[in-house]
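Enquirer: Below you'll find the structure I mean.
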Amino acid sequence: MLFIVDSREHGEALRGELEARGIPAWRVELWGHHVVVTPPRVRVEGLRVPVRAAIELRTEYQLVSREWKREPTPVRIGGREVREGRLFIVAGPCAVESEEQIVKTARFVRDAGADALRGGAFKPRTSPYTFQGLGEAGLRALARAREETGLPVVTELMDPEDMPLVLKYADALQIGARSMQNFSLLKKLGRAGKPVLLKRGFGNTVEEWLLAAEYVALHGNGDVVLVERGIRTFDKTLRFTLDVGAIAYAKRHTHLPVLGDPSHPAGDRRYVIPLALAIIAAGADGLLVEVHPDPDKALSDAGQQLTFEQFRELVQKAREIARVLRGG
Ligand SMILES: [Mn+2]
């Protein structure tokens, strides 16, 4: 149940009243609303505190539902905005490998039309023997690339203990597929004070993904961008199966911006552009895509990172598709 109230004071009073009745309640200030939240399907009658609206949702996720907040939520990253009706493109290498590599990539993707720079400094790798990322040196290189280009920086946070360090350098925190249900991490993100790009786990349902976003919002951070990046299915032709239906569904059922990552489901750079166009056609607000100055020599995900030339082609086609479908 969601209660919209007029002020922080009314919110506190209502939370107190609910808790006195044995009903767990959270008070949050999100998207310009004072909201008190209880678990779904709780029946409350005869409240003393004045409420502007009491909203019963049909879904387990409540705050992120579009059922009560019809207008889409824009999310600011650095000086830019991810929002409905305009493509937001985050581009950069899978991993930061050197300052030279990240600055070179940042310059190119900015000139080609990217809105933000991505690059991993802490890499979740399947094998413990492969490149694990440069750590803080990688974060410093990202900050250098931001200085050079003005592009805001998006990078993955894996370990909750690294949050203060990553926050020092990043404009937005990416939560990887493997961390999507790290609930203690999700709760901490509520107090991060910076936007979160929440990737869907490759073994997770859409509802689990939206409930992960609900965790972050319920703990105080409404700046969440959902990212579909492919799931595991019986089919092994491409690396993962891009779930375009999940994008259309998330756009309809939540008010949060939705991006798609065409690189990880493709696993092969020849398929990245077609998947990117499908992501946009399905209604996503933008892309998170891997680009490398010399992909064959990349230290991670070599096969799927786009060349500079391919990225230029992608941006052109992506903007054309967006224009045809929604005029922007
Ligand atoms: Mn990667």
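Simple scheme: letters A, B, ... for chains in structure tokens order, numbers from 1 for residues in each chain, numbers from 1 for ligands in the order shown.
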Could you give me the residues within 9 Å of ligand 1, counting only C-alpha atoms and all ligand atoms, as a list of chain:residue names?
Expert: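 I would give the residues around ligand 1 as A:Pro93, A:Cys94, A:Ala95, A:Gly119, A:Gly120, A:Lys123, A:Ser263, A:His264, A:Val289, A:Glu290, A:Ser300, A:Asp301, A:Ala302, A:Gln304, A:Gln305.
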Enquirer: Please list as a list in words every residue within 8 Å of region 307-318 of chain A, counting only C-alpha atoms and excluding residues in the same chain fewer than 5 positions away.
Expert: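 Using only C-alpha atoms, the neighbours found are Phe108, Val109, Ala112, Gly113, Ile273, Ala276, Leu277, Ile280, Val291, His292, Pro293, Asp294 and Pro295 of chain A.
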Enquirer: Take the residues that were just selected and, keeping all heavy atoms, output them as a short mmCIF file (atom, residue, chain, number, x, y, z; two decimals), in the first residue's frame.
Expert:
data_model
loop_
_atom_site.label_atom_id
_atom_site.label_comp_id
_atom_site.auth_asym_id
_atom_site.auth_seq_id
_atom_site.Cartn_x
_atom_site.Cartn_y
_atom_site.Cartn_z
N PHE A 108 36.40 9.44 -28.83
CA PHE A 108 35.70 8.97 -30.02
C PHE A 108 34.20 8.86 -29.79
O PHE A 108 33.40 9.36 -30.59
CB PHE A 108 36.25 7.61 -30.51
CG PHE A 108 35.54 7.20 -31.76
CD1 PHE A 108 35.99 7.66 -33.00
CD2 PHE A 108 34.39 6.43 -31.71
CE1 PHE A 108 35.29 7.35 -34.16
CE2 PHE A 108 33.70 6.12 -32.87
CZ PHE A 108 34.15 6.58 -34.09
N VAL A 109 33.80 8.22 -28.70
CA VAL A 109 32.35 8.01 -28.51
C VAL A 109 31.62 9.33 -28.28
O VAL A 109 30.49 9.51 -28.72
CB VAL A 109 32.01 6.96 -27.42
CG1 VAL A 109 32.60 5.60 -27.77
CG2 VAL A 109 32.42 7.41 -26.03
N ALA A 112 31.10 10.83 -31.62
CA ALA A 112 30.12 10.06 -32.40
C ALA A 112 28.71 10.21 -31.83
O ALA A 112 27.75 9.72 -32.43
CB ALA A 112 30.53 8.59 -32.43
N GLY A 113 28.57 10.85 -30.66
CA GLY A 113 27.22 11.12 -30.15
C GLY A 113 26.84 10.41 -28.86
O GLY A 113 25.66 10.39 -28.50
N ILE A 273 24.74 -4.55 -33.62
CA ILE A 273 23.88 -3.51 -34.22
C ILE A 273 22.43 -4.00 -34.38
O ILE A 273 21.51 -3.31 -33.93
CB ILE A 273 24.49 -2.96 -35.53
CG1 ILE A 273 25.80 -2.20 -35.19
CG2 ILE A 273 23.50 -2.03 -36.25
CD1 ILE A 273 26.54 -1.63 -36.38
N ALA A 276 20.81 -3.96 -31.04
CA ALA A 276 20.62 -2.58 -30.56
C ALA A 276 19.37 -1.96 -31.19
O ALA A 276 18.58 -1.28 -30.52
CB ALA A 276 21.84 -1.73 -30.88
N LEU A 277 19.18 -2.22 -32.47
CA LEU A 277 18.01 -1.63 -33.14
C LEU A 277 16.72 -2.26 -32.61
O LEU A 277 15.70 -1.58 -32.46
CB LEU A 277 18.14 -1.80 -34.66
CG LEU A 277 19.41 -1.14 -35.26
CD1 LEU A 277 19.44 -1.32 -36.77
CD2 LEU A 277 19.52 0.33 -34.89
N ILE A 280 15.76 -0.60 -29.35
CA ILE A 280 15.12 0.71 -29.51
C ILE A 280 13.69 0.54 -30.02
O ILE A 280 12.76 1.18 -29.53
CB ILE A 280 15.97 1.59 -30.45
CG1 ILE A 280 17.30 1.88 -29.77
CG2 ILE A 280 15.25 2.89 -30.79
CD1 ILE A 280 18.39 2.29 -30.71
N VAL A 291 32.48 -0.62 -26.62
CA VAL A 291 33.27 -0.11 -27.75
C VAL A 291 34.74 -0.10 -27.32
O VAL A 291 35.04 0.29 -26.19
CB VAL A 291 32.86 1.35 -28.09
CG1 VAL A 291 33.62 1.85 -29.32
CG2 VAL A 291 31.36 1.47 -28.31
N HIS A 292 35.63 -0.52 -28.21
CA HIS A 292 37.06 -0.61 -27.85
C HIS A 292 37.90 -0.16 -29.04
O HIS A 292 37.55 -0.45 -30.18
CB HIS A 292 37.37 -2.08 -27.49
CG HIS A 292 38.70 -2.29 -26.84
ND1 HIS A 292 39.89 -2.23 -27.54
CD2 HIS A 292 39.03 -2.57 -25.55
CE1 HIS A 292 40.90 -2.47 -26.71
NE2 HIS A 292 40.41 -2.67 -25.49
N PRO A 293 39.01 0.55 -28.78
CA PRO A 293 39.83 1.03 -29.90
C PRO A 293 40.43 -0.12 -30.73
O PRO A 293 40.69 0.05 -31.90
CB PRO A 293 40.95 1.82 -29.22
CG PRO A 293 40.68 1.83 -27.77
CD PRO A 293 39.51 0.98 -27.46
N ASP A 294 40.65 -1.26 -30.08
CA ASP A 294 41.22 -2.42 -30.79
C ASP A 294 40.63 -3.69 -30.17
O ASP A 294 41.28 -4.37 -29.38
CB ASP A 294 42.76 -2.39 -30.65
CG ASP A 294 43.42 -3.42 -31.55
OD1 ASP A 294 42.71 -4.19 -32.23
OD2 ASP A 294 44.67 -3.46 -31.54
N PRO A 295 39.37 -3.98 -30.52
CA PRO A 295 38.63 -5.01 -29.78
C PRO A 295 39.32 -6.37 -29.72
O PRO A 295 39.27 -7.04 -28.68
CB PRO A 295 37.31 -5.12 -30.55
CG PRO A 295 37.22 -3.95 -31.43
CD PRO A 295 38.59 -3.36 -31.59
#
Enquirer: To one decimal place in Å, what is the distance between CA of Leu218 (chain A) and CA of Trp31 (chain A)?
Expert: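 Atom-to-atom, CA of Leu218 (chain A) and CA of Trp31 (chain A) are spaced 12.3 Å apart.
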Enquirer: Need to verify the contact set: Gly135 (chain A), 10 Å, only C-alpha atoms, exclusion of same-chain residues closer than 2 positions in sequence. Can you return it as a PDB file with N, CA, C and O atoms, in the first residue's frame?
Expert:
ATOM      1  N   VAL A  96      38.290  -0.881 -18.231  1.00  0.00           N
ATOM      2  CA  VAL A  96      39.361   0.115 -18.372  1.00  0.00           C
ATOM      3  C   VAL A  96      40.674  -0.649 -18.345  1.00  0.00           C
ATOM      4  O   VAL A  96      40.948  -1.396 -17.402  1.00  0.00           O
ATOM      5  N   GLY A 120      34.628  -0.732 -16.959  1.00  0.00           N
ATOM      6  CA  GLY A 120      34.705  -1.442 -15.683  1.00  0.00           C
ATOM      7  C   GLY A 120      36.078  -1.321 -15.059  1.00  0.00           C
ATOM      8  O   GLY A 120      37.094  -1.498 -15.735  1.00  0.00           O
ATOM      9  N   ALA A 121      36.111  -0.998 -13.761  1.00  0.00           N
ATOM     10  CA  ALA A 121      37.367  -0.993 -13.014  1.00  0.00           C
ATOM     11  C   ALA A 121      37.412  -2.217 -12.097  1.00  0.00           C
ATOM     12  O   ALA A 121      38.473  -2.755 -11.790  1.00  0.00           O
ATOM     13  N   PHE A 122      36.235  -2.651 -11.656  1.00  0.00           N
ATOM     14  CA  PHE A 122      36.109  -3.896 -10.886  1.00  0.00           C
ATOM     15  C   PHE A 122      35.296  -4.851 -11.745  1.00  0.00           C
ATOM     16  O   PHE A 122      34.112  -4.627 -11.980  1.00  0.00           O
ATOM     17  N   LYS A 123      35.911  -5.901 -12.262  1.00  0.00           N
ATOM     18  CA  LYS A 123      35.247  -6.778 -13.219  1.00  0.00           C
ATOM     19  C   LYS A 123      34.793  -8.075 -12.577  1.00  0.00           C
ATOM     20  O   LYS A 123      35.604  -8.791 -11.985  1.00  0.00           O
ATOM     21  N   GLN A 132      40.947  -9.023 -13.773  1.00  0.00           N
ATOM     22  CA  GLN A 132      39.928  -8.646 -12.782  1.00  0.00           C
ATOM     23  C   GLN A 132      39.645  -7.137 -12.750  1.00  0.00           C
ATOM     24  O   GLN A 132      38.864  -6.679 -11.936  1.00  0.00           O
ATOM     25  N   GLY A 133      40.312  -6.384 -13.628  1.00  0.00           N
ATOM     26  CA  GLY A 133      40.115  -4.931 -13.640  1.00  0.00           C
ATOM     27  C   GLY A 133      41.235  -4.220 -12.908  1.00  0.00           C
ATOM     28  O   GLY A 133      41.935  -4.821 -12.092  1.00  0.00           O
ATOM     29  N   ALA A 137      43.027   2.439  -9.853  1.00  0.00           N
ATOM     30  CA  ALA A 137      43.731   3.055 -10.993  1.00  0.00           C
ATOM     31  C   ALA A 137      42.775   3.194 -12.180  1.00  0.00           C
ATOM     32  O   ALA A 137      42.821   4.186 -12.921  1.00  0.00           O
ATOM     33  N   GLY A 138      41.890   2.220 -12.352  1.00  0.00           N
ATOM     34  CA  GLY A 138      40.891   2.285 -13.414  1.00  0.00           C
ATOM     35  C   GLY A 138      39.894   3.416 -13.178  1.00  0.00           C
ATOM     36  O   GLY A 138      39.502   4.126 -14.109  1.00  0.00           O
ATOM     37  N   LEU A 139      39.506   3.607 -11.917  1.00  0.00           N
ATOM     38  CA  LEU A 139      38.581   4.699 -11.576  1.00  0.00           C
ATOM     39  C   LEU A 139      39.224   6.052 -11.859  1.00  0.00           C
ATOM     40  O   LEU A 139      38.584   6.971 -12.378  1.00  0.00           O
ATOM     41  N   ARG A 140      40.519   6.163 -11.510  1.00  0.00           N
ATOM     42  CA  ARG A 140      41.222   7.426 -11.766  1.00  0.00           C
ATOM     43  C   ARG A 140      41.307   7.707 -13.265  1.00  0.00           C
ATOM     44  O   ARG A 140      41.138   8.848 -13.703  1.00  0.00           O
ATOM     45  N   ASP A 162      33.303  -1.338  -1.434  1.00  0.00           N
ATOM     46  CA  ASP A 162      33.955  -0.383  -2.336  1.00  0.00           C
ATOM     47  C   ASP A 162      33.094   0.835  -2.639  1.00  0.00           C
ATOM     48  O   ASP A 162      33.517   1.718  -3.382  1.00  0.00           O
ATOM     49  N   LEU A 165      34.605   4.385  -2.319  1.00  0.00           N
ATOM     50  CA  LEU A 165      35.660   4.569  -3.315  1.00  0.00           C
ATOM     51  C   LEU A 165      35.063   4.822  -4.705  1.00  0.00           C
ATOM     52  O   LEU A 165      35.435   5.776  -5.399  1.00  0.00           O
ATOM     53  N   VAL A 166      34.131   3.996  -5.111  1.00  0.00           N
ATOM     54  CA  VAL A 166      33.549   4.136  -6.456  1.00  0.00           C
ATOM     55  C   VAL A 166      32.765   5.442  -6.556  1.00  0.00           C
ATOM     56  O   VAL A 166      32.811   6.129  -7.573  1.00  0.00           O
TER      57      VAL A 166
END
Enquirer: Residues near Pro72 (chain A), anyone? I mean within 7 Å using only C-alpha atoms, not counting same-chain ones fewer than 4 positions away, as a list in words.
Expert: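 Within the cut-off, the hits are Glu84, His255 and Leu256 of chain A.
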Enquirer: Could you write out the selected residues, including all heavy atoms, as a compact mmCIF listing (two decimals), in the first residue's frame?
Expert:
# COMPACT_ATOMS: atom_id res chain seq x y z
N GLU A 84 12.35 9.56 -21.16
CA GLU A 84 11.53 9.02 -22.24
C GLU A 84 11.51 10.00 -23.41
O GLU A 84 11.47 11.21 -23.22
CB GLU A 84 10.10 8.79 -21.73
CG GLU A 84 9.31 7.83 -22.57
CD GLU A 84 8.06 7.35 -21.85
OE1 GLU A 84 8.16 6.44 -21.01
OE2 GLU A 84 6.97 7.89 -22.14
N HIS A 255 7.69 3.34 -14.15
CA HIS A 255 7.91 4.70 -14.65
C HIS A 255 9.40 4.99 -14.79
O HIS A 255 9.80 6.12 -15.08
CB HIS A 255 7.23 5.71 -13.73
CG HIS A 255 7.59 5.55 -12.28
ND1 HIS A 255 8.75 6.06 -11.75
CD2 HIS A 255 6.96 4.89 -11.27
CE1 HIS A 255 8.81 5.73 -10.45
NE2 HIS A 255 7.74 5.02 -10.14
N LEU A 256 10.25 3.99 -14.52
CA LEU A 256 11.71 4.20 -14.59
C LEU A 256 12.19 4.13 -16.04
O LEU A 256 11.60 3.44 -16.86
CB LEU A 256 12.41 3.11 -13.78
CG LEU A 256 12.06 3.04 -12.30
CD1 LEU A 256 12.74 1.83 -11.65
CD2 LEU A 256 12.44 4.33 -11.58
Enquirer: Write out as a count of residues only each polymer residue whose atoms come within 9 Å of Met163 (chain A), counting only C-alpha atoms; drop sequence neighbours fewer than 6 positions from it.
Expert: 5
Enquirer: Excluding Ala284 (chain A) and residues on its chain fewer than 5 positions from it, collect all residues at most 8 Å away from it, counting only C-alpha atoms, and give them as a list in words.
Expert: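 My list of contacting residues is Ile247, Ala248, Lys251, Pro257, Val258, Leu259, Gly260 and Ile279 of chain A.
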Enquirer: Take CA of Lys168 (chain A) and CA of Ile77 (chain A) and report the distance between them in Å, one decimal.
Expert: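 Computing the Euclidean distance for CA of Lys168 (chain A) and CA of Ile77 (chain A) yields 14.5 Å.
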Enquirer: Could you work out how far CA of Asn182 (chain A) lies from CA of Glu19 (chain A), giving the answer in Å with one decimal?
Expert: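 Rounded to one decimal, the two atoms are 27.1 Å apart.
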Enquirer: Give me the residues within 9 Å of Val37 (chain A) as a ChimeraX atom specification, counting only C-alpha atoms and dropping any in the same chain fewer than 2 places off.
Expert: /A:1-4,15,24-28,35,39-40,62-63,218
Enquirer: Please save C-alpha atoms of the selected residues as a short mmCIF file (atom, residue, chain, number, x, y, z; two decimals), in the first residue's frame.
Expert:
data_model
loop_
_atom_site.label_atom_id
_atom_site.label_comp_id
_atom_site.auth_asym_id
_atom_site.auth_seq_id
_atom_site.Cartn_x
_atom_site.Cartn_y
_atom_site.Cartn_z
CA MET A 1 0.00 0.00 0.00
CA LEU A 2 1.24 3.50 -0.84
CA PHE A 3 0.12 6.60 1.04
CA ILE A 4 0.84 9.99 -0.47
CA ARG A 15 4.55 5.81 9.82
CA PRO A 24 5.73 -2.30 8.90
CA ALA A 25 6.04 1.08 7.20
CA TRP A 26 8.74 3.06 5.39
CA ARG A 27 8.77 6.79 4.70
CA VAL A 28 10.48 8.00 1.53
CA VAL A 35 5.30 8.56 0.37
CA PRO A 39 3.81 -4.23 2.34
CA PRO A 40 1.29 -4.85 -0.49
CA GLN A 62 4.89 -0.67 -5.64
CA LEU A 63 7.07 2.46 -5.71
CA LEU A 218 12.38 1.79 -0.81
#
